[in-house]
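Input: a single structure, listed below in structure tokens.
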Amino acid sequence: MNPRHILALAHNTYRETVRDRIFYLVAVFGFVMLASTAVLSPLTVGAQAKIMTDVGLAAMVVFGLLVVVFVGSSMVRKEMEKGTIVTILAKPVGRREYLFGKFLGLNMTLTAMLAVMAILFAVMLLFAPGEFSPRFLSAVYLAFLELTLINAVAVFFSTCVSSVLAAVFTLGAFVVGHLSQALREFGRLQSGPLQERLADAVYYLVPNLEVFNVRGAVVHGDPVTAGHLMWATVYGVGWSLILLILAGGVFARKELR
Amino acid sequence: MILRLGRLLSLVVLMVVVVVSLQGLDRETSALRHDERLYFPSGEFLVESSLGFREVMADWLWFRFIQYYGAFKQGGNDLRYLGLIVRSINRLDPRFTEAYRLASFIYWSDFGQIPQALDILRRGVMNNPDHAGLRFQIGFMHYVVDHDYPRAARWFEMAAECSDATDREGRFAAFARQRAGDDRVSLALWSDLLETSSSPQMQDLAAKMIRKLERAIRIDKIYGRNFVGPIPEAF
């Protein structure tokens, strides 16, 4: 794989998303933050700082998820349907390079979006009763890792099924990813050892997205340990690579017209 | 031109139809909405269904809680589901301390149900062992409601040990100890406040209270606790 090819494709994908006016979502984020400070403040009764922080950190994940689901799941399929993919692959660009480039491009968009949203969030906290803490950056970083993983899921599904199905499956993966711990606990409550092992298997075979959720902890002033950040990085990057390799395998066998 | 006017008119008509139909629906469902909390799911279910957005869901329930309480104050309901809503908020975000404090205050001030109010605060303390405000509120309730000064003092002292404690907790602990008859402990607490407080007002108050307590202890030592009568000027 040639890194120059991947970077060129990533840059192109980034420009494409910018042209699609994805960054309008950042404006919506700003509006949500304003609403949570100005409009909702009479209802917060002493909890304004907490609610603002909760809403801000959660909105970053929600908007990132929207981008991944709607852009990521149609990214590859759109080019396959338009036939533009053939033009790209006719050049000395490998199929895996193409997928990695697409994935990286959307991740660049996510990085830019999260960075702008984090700055907006910090600015809003300066004007509201809340207080920006460096702890919040760990939550933003873990949200980025979570979205990276979901992006890999979207890329994987976009190589196998139609755009709509890929979007549905990606959302499904997000839901299951947040429920995997509960599924495991549910399995442990069952009487038989088979159910327990099955639940354990599901737990390890499905990405556990709760490991990236430290929003509650940082809002209440708990620090996120360096160990947690390190393991979450390993876990997120590991899963993303697994999914991209699988996607590459599927995509390499795909017949393109 | 006529076509454009026609389109505009039809848009306005349709808008009116939409608004009128929504008003009709609001009237139809107002009776249902009154009892909607009957379908309020449990906190356990909400935790799983929130998909990692537990705190935001707790915030949303907090808004509902405030509105529900506001409606109660205007005679719109009897706060029947207060406990259910508060438990759900606590389950979703056990460290949302305002929820414990307000719910306990409502049980105390609106219903006079002190055991329930204390139960909620104790649950809050269990989930937030290092939060001074909740311990202080328990102490305050013992101080004001059942005048159990030794118990109130213990809670104030525990509150004063928390990392987010201010002078307030120590001051109340010292006052409660004095009310409970533990002058020596009260003296120690005021001395501690005099040393640790950065507020000049608090230092003045502590110095004044120390003088008063030392005098009381001296009188007690010489004349006994039950002494009634003129105290010599020397004291």
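Naming scheme: A, B, ... for chains in displayed order of the structure tokens; residues 1 onward per chain; ligands 1 onward as shown.
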Counting only C-alpha atoms, chain A residues within 10 Å of chain B, as a count of residues only = 40
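Excluding Glu81 (chain A) itself and same-chain residues fewer than 3 positions from it, the residues having an atom within 12 Å of it are A:Ser74, A:Met75, A:Val76, A:Arg77, A:Lys78, A:Thr84, A:Ile85, A:Val86, A:Ser158, A:Thr159, A:Ser162, A:Ser163, A:Leu256, A:Arg257, counting only C-alpha atoms.
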Keeping N, CA, C and O atoms, export the residues of the selection given above as a short mmCIF file (atom, residue, chain, number, x, y, z; two decimals), in the first residue's frame.
data_model
loop_
_atom_site.label_atom_id
_atom_site.label_comp_id
_atom_site.auth_asym_id
_atom_site.auth_seq_id
_atom_site.Cartn_x
_atom_site.Cartn_y
_atom_site.Cartn_z
N SER A 74 -22.68 5.64 2.48
CA SER A 74 -22.96 5.76 1.04
C SER A 74 -21.70 6.11 0.24
O SER A 74 -21.73 6.16 -0.98
N MET A 75 -20.61 6.36 0.98
CA MET A 75 -19.37 6.84 0.37
C MET A 75 -18.87 5.95 -0.78
O MET A 75 -18.69 6.40 -1.90
N VAL A 76 -18.69 4.68 -0.48
CA VAL A 76 -18.15 3.74 -1.47
C VAL A 76 -19.23 3.37 -2.49
O VAL A 76 -19.01 3.37 -3.70
N ARG A 77 -20.42 3.11 -1.95
CA ARG A 77 -21.53 2.65 -2.81
C ARG A 77 -21.88 3.68 -3.88
O ARG A 77 -22.16 3.34 -5.02
N LYS A 78 -21.86 4.98 -3.47
CA LYS A 78 -22.20 6.05 -4.41
C LYS A 78 -21.27 6.03 -5.63
O LYS A 78 -21.72 6.13 -6.77
N THR A 84 -17.75 6.06 -11.05
CA THR A 84 -16.50 6.83 -10.93
C THR A 84 -15.38 6.00 -10.31
O THR A 84 -14.21 6.29 -10.51
N ILE A 85 -15.78 4.98 -9.59
CA ILE A 85 -14.78 4.13 -8.92
C ILE A 85 -13.87 3.44 -9.95
O ILE A 85 -12.68 3.25 -9.70
N VAL A 86 -14.46 3.12 -11.10
CA VAL A 86 -13.69 2.42 -12.14
C VAL A 86 -12.56 3.33 -12.65
O VAL A 86 -11.43 2.89 -12.85
N SER A 158 -20.65 -0.69 3.74
CA SER A 158 -20.87 -0.06 2.43
C SER A 158 -20.23 -0.88 1.30
O SER A 158 -20.58 -0.70 0.14
N THR A 159 -19.30 -1.77 1.66
CA THR A 159 -18.73 -2.62 0.61
C THR A 159 -19.60 -3.85 0.35
O THR A 159 -19.46 -4.50 -0.69
N SER A 162 -26.35 -2.34 0.16
CA SER A 162 -26.73 -1.03 -0.39
C SER A 162 -26.56 0.07 0.67
O SER A 162 -26.43 -0.22 1.87
N SER A 163 -26.61 1.32 0.21
CA SER A 163 -26.38 2.45 1.12
C SER A 163 -27.37 2.47 2.28
O SER A 163 -26.99 2.71 3.43
N LEU A 256 -16.59 -5.10 -10.28
CA LEU A 256 -17.00 -3.71 -10.52
C LEU A 256 -17.24 -3.48 -12.00
O LEU A 256 -16.47 -3.93 -12.84
N ARG A 257 -18.33 -2.76 -12.27
CA ARG A 257 -18.62 -2.48 -13.71
C ARG A 257 -18.59 -0.99 -13.95
O ARG A 257 -19.00 -0.21 -13.12
#
Exercise: Leu241 (chain A) partners within 12 Å, only C-alpha atoms, chain neighbours under 5 positions left out, as a PyMOL selection string | chain A and resi 96+99-100+103-104+148-153+155-156+233-236+246-248
Written file, previous selection with C-alpha atoms, as an mmCIF file, in the first residue's frame:
data_model
loop_
_atom_site.group_PDB
_atom_site.id
_atom_site.type_symbol
_atom_site.label_atom_id
_atom_site.label_comp_id
_atom_site.auth_asym_id
_atom_site.auth_seq_id
_atom_site.Cartn_x
_atom_site.Cartn_y
_atom_site.Cartn_z
ATOM 1 C CA ARG A 96 -7.495 -1.588 -0.251
ATOM 2 C CA LEU A 99 -10.934 1.952 1.027
ATOM 3 C CA PHE A 100 -8.310 3.163 3.482
ATOM 4 C CA PHE A 103 -11.975 5.895 5.602
ATOM 5 C CA LEU A 104 -9.153 8.316 6.385
ATOM 6 C CA THR A 148 -13.595 6.207 14.075
ATOM 7 C CA LEU A 149 -14.733 2.694 14.925
ATOM 8 C CA ILE A 150 -18.257 3.402 13.697
ATOM 9 C CA ASN A 151 -16.734 4.873 10.530
ATOM 10 C CA ALA A 152 -14.904 1.565 9.957
ATOM 11 C CA VAL A 153 -18.207 -0.274 10.507
ATOM 12 C CA VAL A 155 -17.080 1.425 5.404
ATOM 13 C CA PHE A 156 -17.302 -2.337 5.972
ATOM 14 C CA THR A 233 -6.947 3.687 21.873
ATOM 15 C CA VAL A 234 -5.629 0.158 21.367
ATOM 16 C CA TYR A 235 -9.165 -1.238 21.385
ATOM 17 C CA GLY A 236 -10.579 1.378 19.003
ATOM 18 C CA LEU A 246 -12.414 -7.425 6.378
ATOM 19 C CA ALA A 247 -13.875 -4.676 4.185
ATOM 20 C CA GLY A 248 -10.761 -4.805 2.015
#
Filtered DSSP result for region 61-190 of chain B, state alpha helix (DSSP H), as a PyMOL selection string | chain B and resi 61-73+82-92+97-109+114-127+132-144+149-160+167-179+183-190
So which residues touch Ile138 (chain B) within 12 Å, counting only C-alpha atoms, skipping near sequence neighbours fewer than 5 positions away, as a ChimeraX atom specification?
-> /B:100-101,104-105,108,114-125,131-133,143-146,148-149,151-159,169
For the residues in that selection, give me N, CA, C and O atoms as a compact mmCIF listing (two decimals), in the first residue's frame.
# COMPACT_ATOMS: atom_id res chain seq x y z
N TYR B 100 -31.29 14.77 44.22
CA TYR B 100 -31.53 14.29 45.59
C TYR B 100 -31.97 15.46 46.47
O TYR B 100 -32.90 15.32 47.27
N ARG B 101 -31.29 16.58 46.30
CA ARG B 101 -31.55 17.71 47.19
C ARG B 101 -32.95 18.28 46.98
O ARG B 101 -33.67 18.52 47.95
N SER B 104 -35.69 15.70 48.07
CA SER B 104 -35.77 15.62 49.53
C SER B 104 -36.45 16.87 50.10
O SER B 104 -37.28 16.78 51.01
N PHE B 105 -36.13 18.00 49.50
CA PHE B 105 -36.74 19.26 49.95
C PHE B 105 -38.25 19.24 49.73
O PHE B 105 -39.02 19.69 50.58
N TRP B 108 -39.94 17.07 52.24
CA TRP B 108 -39.91 17.74 53.54
C TRP B 108 -40.91 18.90 53.58
O TRP B 108 -41.80 18.96 54.43
N ILE B 114 -40.65 13.41 56.45
CA ILE B 114 -39.23 13.50 56.80
C ILE B 114 -38.48 12.17 56.52
O ILE B 114 -37.38 12.21 55.95
N PRO B 115 -39.04 11.00 56.89
CA PRO B 115 -38.27 9.76 56.61
C PRO B 115 -37.95 9.60 55.12
O PRO B 115 -36.83 9.23 54.77
N GLN B 116 -38.93 9.90 54.26
CA GLN B 116 -38.68 9.79 52.81
C GLN B 116 -37.59 10.78 52.37
O GLN B 116 -36.71 10.44 51.57
N ALA B 117 -37.69 12.00 52.93
CA ALA B 117 -36.70 13.02 52.56
C ALA B 117 -35.31 12.57 52.97
O ALA B 117 -34.34 12.71 52.21
N LEU B 118 -35.21 11.98 54.17
CA LEU B 118 -33.89 11.52 54.64
C LEU B 118 -33.40 10.32 53.83
O LEU B 118 -32.21 10.21 53.55
N ASP B 119 -34.34 9.44 53.46
CA ASP B 119 -33.96 8.26 52.65
C ASP B 119 -33.31 8.69 51.34
O ASP B 119 -32.29 8.14 50.93
N ILE B 120 -33.93 9.67 50.69
CA ILE B 120 -33.39 10.16 49.40
C ILE B 120 -31.99 10.73 49.61
O ILE B 120 -31.07 10.44 48.84
N LEU B 121 -31.83 11.51 50.67
CA LEU B 121 -30.51 12.11 50.91
C LEU B 121 -29.47 11.04 51.23
O LEU B 121 -28.32 11.12 50.78
N ARG B 122 -29.87 10.02 52.00
CA ARG B 122 -28.91 8.95 52.33
C ARG B 122 -28.50 8.20 51.06
O ARG B 122 -27.35 7.81 50.90
N ARG B 123 -29.48 8.00 50.15
CA ARG B 123 -29.16 7.36 48.87
C ARG B 123 -28.14 8.23 48.11
O ARG B 123 -27.20 7.72 47.53
N GLY B 124 -28.36 9.52 48.18
CA GLY B 124 -27.43 10.45 47.53
C GLY B 124 -26.04 10.36 48.14
O GLY B 124 -25.04 10.36 47.42
N VAL B 125 -25.97 10.24 49.47
CA VAL B 125 -24.67 10.15 50.15
C VAL B 125 -23.96 8.85 49.75
O VAL B 125 -22.75 8.84 49.51
N HIS B 131 -19.47 14.27 48.81
CA HIS B 131 -20.22 15.50 48.53
C HIS B 131 -20.71 16.11 49.85
O HIS B 131 -21.54 15.50 50.53
N ALA B 132 -20.20 17.28 50.17
CA ALA B 132 -20.53 17.89 51.46
C ALA B 132 -21.99 18.31 51.55
O ALA B 132 -22.63 18.15 52.60
N GLY B 133 -22.54 18.82 50.45
CA GLY B 133 -23.89 19.40 50.46
C GLY B 133 -24.97 18.42 50.93
O GLY B 133 -25.87 18.81 51.68
N TYR B 143 -31.23 19.00 62.59
CA TYR B 143 -31.08 20.21 63.43
C TYR B 143 -32.41 20.95 63.51
O TYR B 143 -32.87 21.31 64.59
N VAL B 144 -33.05 21.14 62.38
CA VAL B 144 -34.23 22.00 62.31
C VAL B 144 -35.51 21.25 62.65
O VAL B 144 -36.38 21.74 63.37
N VAL B 145 -35.63 20.03 62.13
CA VAL B 145 -36.91 19.32 62.24
C VAL B 145 -37.03 18.60 63.58
O VAL B 145 -37.95 18.86 64.35
N ASP B 146 -36.10 17.66 63.85
CA ASP B 146 -36.30 16.92 65.11
C ASP B 146 -35.36 17.38 66.24
O ASP B 146 -35.29 16.72 67.27
N ASP B 148 -32.46 17.06 66.90
CA ASP B 148 -31.53 16.03 67.38
C ASP B 148 -30.11 16.57 67.14
O ASP B 148 -29.46 16.26 66.14
N TYR B 149 -29.65 17.40 68.09
CA TYR B 149 -28.39 18.13 67.86
C TYR B 149 -27.15 17.22 67.77
O TYR B 149 -26.30 17.46 66.93
N ARG B 151 -26.95 14.20 66.62
CA ARG B 151 -26.96 13.56 65.30
C ARG B 151 -26.66 14.58 64.20
O ARG B 151 -25.90 14.32 63.28
N ALA B 152 -27.29 15.76 64.35
CA ALA B 152 -27.04 16.83 63.35
C ALA B 152 -25.54 17.17 63.32
O ALA B 152 -24.94 17.29 62.27
N ALA B 153 -24.95 17.25 64.53
CA ALA B 153 -23.53 17.61 64.62
C ALA B 153 -22.67 16.55 63.92
O ALA B 153 -21.71 16.90 63.21
N ARG B 154 -23.04 15.28 64.10
CA ARG B 154 -22.24 14.21 63.44
C ARG B 154 -22.28 14.37 61.92
O ARG B 154 -21.28 14.22 61.25
N TRP B 155 -23.48 14.67 61.39
CA TRP B 155 -23.59 14.84 59.92
C TRP B 155 -22.82 16.07 59.44
O TRP B 155 -22.16 16.05 58.41
N PHE B 156 -22.90 17.16 60.24
CA PHE B 156 -22.16 18.37 59.86
C PHE B 156 -20.65 18.09 59.87
O PHE B 156 -19.91 18.56 59.01
N GLU B 157 -20.22 17.32 60.89
CA GLU B 157 -18.79 17.01 60.98
C GLU B 157 -18.35 16.15 59.78
O GLU B 157 -17.29 16.38 59.20
N MET B 158 -19.22 15.19 59.42
CA MET B 158 -18.88 14.35 58.25
C MET B 158 -18.84 15.21 56.98
O MET B 158 -18.01 15.00 56.11
N ALA B 159 -19.77 16.18 56.91
CA ALA B 159 -19.79 17.08 55.74
C ALA B 159 -18.51 17.91 55.70
O ALA B 159 -17.94 18.13 54.64
N GLU B 169 -19.96 24.12 56.85
CA GLU B 169 -20.15 22.82 57.48
C GLU B 169 -19.52 22.80 58.88
O GLU B 169 -20.13 22.35 59.85
Skip region 196-204 of chain A itself and residues of its chain fewer than 6 positions away, then list as a PDB file with all heavy atoms, in the first residue's frame all residues within 9 Å of it, counting only C-alpha atoms.
ATOM      1  N   GLY A 177     -23.437  -2.030  20.138  1.00  0.00           N
ATOM      2  CA  GLY A 177     -22.173  -1.678  20.787  1.00  0.00           C
ATOM      3  C   GLY A 177     -22.384  -1.085  22.169  1.00  0.00           C
ATOM      4  O   GLY A 177     -21.576  -1.285  23.068  1.00  0.00           O
ATOM      5  N   SER A 180     -23.750  -4.153  24.536  1.00  0.00           N
ATOM      6  CA  SER A 180     -23.033  -5.429  24.654  1.00  0.00           C
ATOM      7  C   SER A 180     -22.756  -5.803  26.113  1.00  0.00           C
ATOM      8  O   SER A 180     -22.856  -6.970  26.491  1.00  0.00           O
ATOM      9  CB  SER A 180     -21.744  -5.397  23.838  1.00  0.00           C
ATOM     10  OG  SER A 180     -20.853  -4.475  24.394  1.00  0.00           O
ATOM     11  N   GLN A 181     -22.441  -4.817  26.930  1.00  0.00           N
ATOM     12  CA  GLN A 181     -22.207  -5.094  28.356  1.00  0.00           C
ATOM     13  C   GLN A 181     -23.485  -5.629  29.002  1.00  0.00           C
ATOM     14  O   GLN A 181     -23.448  -6.604  29.772  1.00  0.00           O
ATOM     15  CB  GLN A 181     -21.769  -3.787  29.041  1.00  0.00           C
ATOM     16  CG  GLN A 181     -21.418  -3.913  30.498  1.00  0.00           C
ATOM     17  CD  GLN A 181     -20.083  -4.601  30.716  1.00  0.00           C
ATOM     18  OE1 GLN A 181     -19.100  -4.260  30.077  1.00  0.00           O
ATOM     19  NE2 GLN A 181     -20.067  -5.584  31.593  1.00  0.00           N
ATOM     20  N   LEU A 183     -25.910  -7.155  27.494  1.00  0.00           N
ATOM     21  CA  LEU A 183     -26.179  -8.493  26.958  1.00  0.00           C
ATOM     22  C   LEU A 183     -25.358  -9.539  27.714  1.00  0.00           C
ATOM     23  O   LEU A 183     -25.854 -10.627  28.028  1.00  0.00           O
ATOM     24  CB  LEU A 183     -25.816  -8.553  25.463  1.00  0.00           C
ATOM     25  CG  LEU A 183     -26.738  -7.814  24.507  1.00  0.00           C
ATOM     26  CD1 LEU A 183     -26.177  -7.822  23.099  1.00  0.00           C
ATOM     27  CD2 LEU A 183     -28.129  -8.443  24.510  1.00  0.00           C
ATOM     28  N   ARG A 184     -24.134  -9.181  28.019  1.00  0.00           N
ATOM     29  CA  ARG A 184     -23.277 -10.107  28.752  1.00  0.00           C
ATOM     30  C   ARG A 184     -23.839 -10.369  30.154  1.00  0.00           C
ATOM     31  O   ARG A 184     -23.885 -11.512  30.623  1.00  0.00           O
ATOM     32  CB  ARG A 184     -21.871  -9.507  28.859  1.00  0.00           C
ATOM     33  CG  ARG A 184     -20.881 -10.472  29.411  1.00  0.00           C
ATOM     34  CD  ARG A 184     -19.600  -9.746  29.720  1.00  0.00           C
ATOM     35  NE  ARG A 184     -18.486 -10.662  29.752  1.00  0.00           N
ATOM     36  CZ  ARG A 184     -17.279 -10.321  30.153  1.00  0.00           C
ATOM     37  NH1 ARG A 184     -17.034  -9.094  30.503  1.00  0.00           N
ATOM     38  NH2 ARG A 184     -16.305 -11.200  30.184  1.00  0.00           N
ATOM     39  N   GLU A 185     -24.254  -9.277  30.802  1.00  0.00           N
ATOM     40  CA  GLU A 185     -24.822  -9.428  32.146  1.00  0.00           C
ATOM     41  C   GLU A 185     -26.110 -10.239  32.100  1.00  0.00           C
ATOM     42  O   GLU A 185     -26.379 -11.048  32.984  1.00  0.00           O
ATOM     43  CB  GLU A 185     -25.076  -8.060  32.768  1.00  0.00           C
ATOM     44  CG  GLU A 185     -23.801  -7.487  33.387  1.00  0.00           C
ATOM     45  CD  GLU A 185     -23.808  -5.988  33.527  1.00  0.00           C
ATOM     46  OE1 GLU A 185     -24.897  -5.403  33.521  1.00  0.00           O
ATOM     47  OE2 GLU A 185     -22.704  -5.408  33.621  1.00  0.00           O
ATOM     48  N   PHE A 186     -26.889 -10.017  31.057  1.00  0.00           N
ATOM     49  CA  PHE A 186     -28.133 -10.773  30.888  1.00  0.00           C
ATOM     50  C   PHE A 186     -27.814 -12.263  30.732  1.00  0.00           C
ATOM     51  O   PHE A 186     -28.468 -13.117  31.328  1.00  0.00           O
ATOM     52  CB  PHE A 186     -28.880 -10.262  29.650  1.00  0.00           C
ATOM     53  CG  PHE A 186     -30.182 -10.946  29.398  1.00  0.00           C
ATOM     54  CD1 PHE A 186     -31.273 -10.724  30.225  1.00  0.00           C
ATOM     55  CD2 PHE A 186     -30.328 -11.834  28.345  1.00  0.00           C
ATOM     56  CE1 PHE A 186     -32.468 -11.367  30.001  1.00  0.00           C
ATOM     57  CE2 PHE A 186     -31.525 -12.493  28.110  1.00  0.00           C
ATOM     58  CZ  PHE A 186     -32.603 -12.248  28.946  1.00  0.00           C
ATOM     59  N   GLY A 187     -26.781 -12.577  29.957  1.00  0.00           N
ATOM     60  CA  GLY A 187     -26.362 -13.964  29.757  1.00  0.00           C
ATOM     61  C   GLY A 187     -25.927 -14.603  31.058  1.00  0.00           C
ATOM     62  O   GLY A 187     -26.203 -15.773  31.321  1.00  0.00           O
ATOM     63  N   ARG A 188     -25.287 -13.829  31.897  1.00  0.00           N
ATOM     64  CA  ARG A 188     -24.809 -14.354  33.184  1.00  0.00           C
ATOM     65  C   ARG A 188     -25.958 -14.637  34.145  1.00  0.00           C
ATOM     66  O   ARG A 188     -25.812 -15.435  35.076  1.00  0.00           O
ATOM     67  CB  ARG A 188     -23.838 -13.373  33.819  1.00  0.00           C
ATOM     68  CG  ARG A 188     -22.517 -13.425  33.098  1.00  0.00           C
ATOM     69  CD  ARG A 188     -21.466 -12.626  33.777  1.00  0.00           C
ATOM     70  NE  ARG A 188     -20.200 -12.882  33.096  1.00  0.00           N
ATOM     71  CZ  ARG A 188     -19.136 -12.129  33.196  1.00  0.00           C
ATOM     72  NH1 ARG A 188     -19.172 -11.068  33.957  1.00  0.00           N
ATOM     73  NH2 ARG A 188     -18.033 -12.424  32.563  1.00  0.00           N
ATOM     74  N   LEU A 189     -27.080 -13.945  33.916  1.00  0.00           N
ATOM     75  CA  LEU A 189     -28.247 -14.178  34.773  1.00  0.00           C
ATOM     76  C   LEU A 189     -28.985 -15.463  34.377  1.00  0.00           C
ATOM     77  O   LEU A 189     -29.804 -15.971  35.131  1.00  0.00           O
ATOM     78  CB  LEU A 189     -29.214 -12.989  34.688  1.00  0.00           C
ATOM     79  CG  LEU A 189     -28.741 -11.685  35.349  1.00  0.00           C
ATOM     80  CD1 LEU A 189     -29.721 -10.570  35.065  1.00  0.00           C
ATOM     81  CD2 LEU A 189     -28.582 -11.866  36.849  1.00  0.00           C
ATOM     82  N   GLN A 190     -28.697 -15.949  33.175  1.00  0.00           N
ATOM     83  CA  GLN A 190     -29.354 -17.181  32.710  1.00  0.00           C
ATOM     84  C   GLN A 190     -28.788 -18.365  33.479  1.00  0.00           C
ATOM     85  O   GLN A 190     -27.674 -18.323  34.001  1.00  0.00           O
ATOM     86  CB  GLN A 190     -29.135 -17.384  31.203  1.00  0.00           C
ATOM     87  CG  GLN A 190     -29.592 -16.224  30.347  1.00  0.00           C
ATOM     88  CD  GLN A 190     -31.066 -15.902  30.499  1.00  0.00           C
ATOM     89  OE1 GLN A 190     -31.896 -16.779  30.339  1.00  0.00           O
ATOM     90  NE2 GLN A 190     -31.370 -14.679  30.841  1.00  0.00           N
TER      91      GLN A 190
END
For Leu89 (chain A), list every protein, DNA or RNA residue within 8 Å, evaluated using only C-alpha atoms, and leave out those in the same chain fewer than 5 positions away; present the list as a list in words.
-> Gly94, Arg95 and Tyr98 of chain A
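From CA of Ile6 (chain A) back to CA of Pro92 (chain A), the distance works out to 11.6 Å.
You can rank B:Leu25, B:Pro200, B:Gln113, B:Asp183 by their closest distance to Ile219 (chain B) using only C-alpha atoms, and at the top of that list sits B:Asp183.
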Using only C-alpha atoms, the shortest atom-to-atom distance to Asn128 (chain B) among A:Asp20, A:His228, A:Ser36, A:Gly221 belongs to A:Gly221
Measuring atom to atom with only C-alpha atoms, identify which of A:Val39, A:Val69, A:Met33, A:Leu114 is nearest to Leu171 (chain A).
-> A:Val69
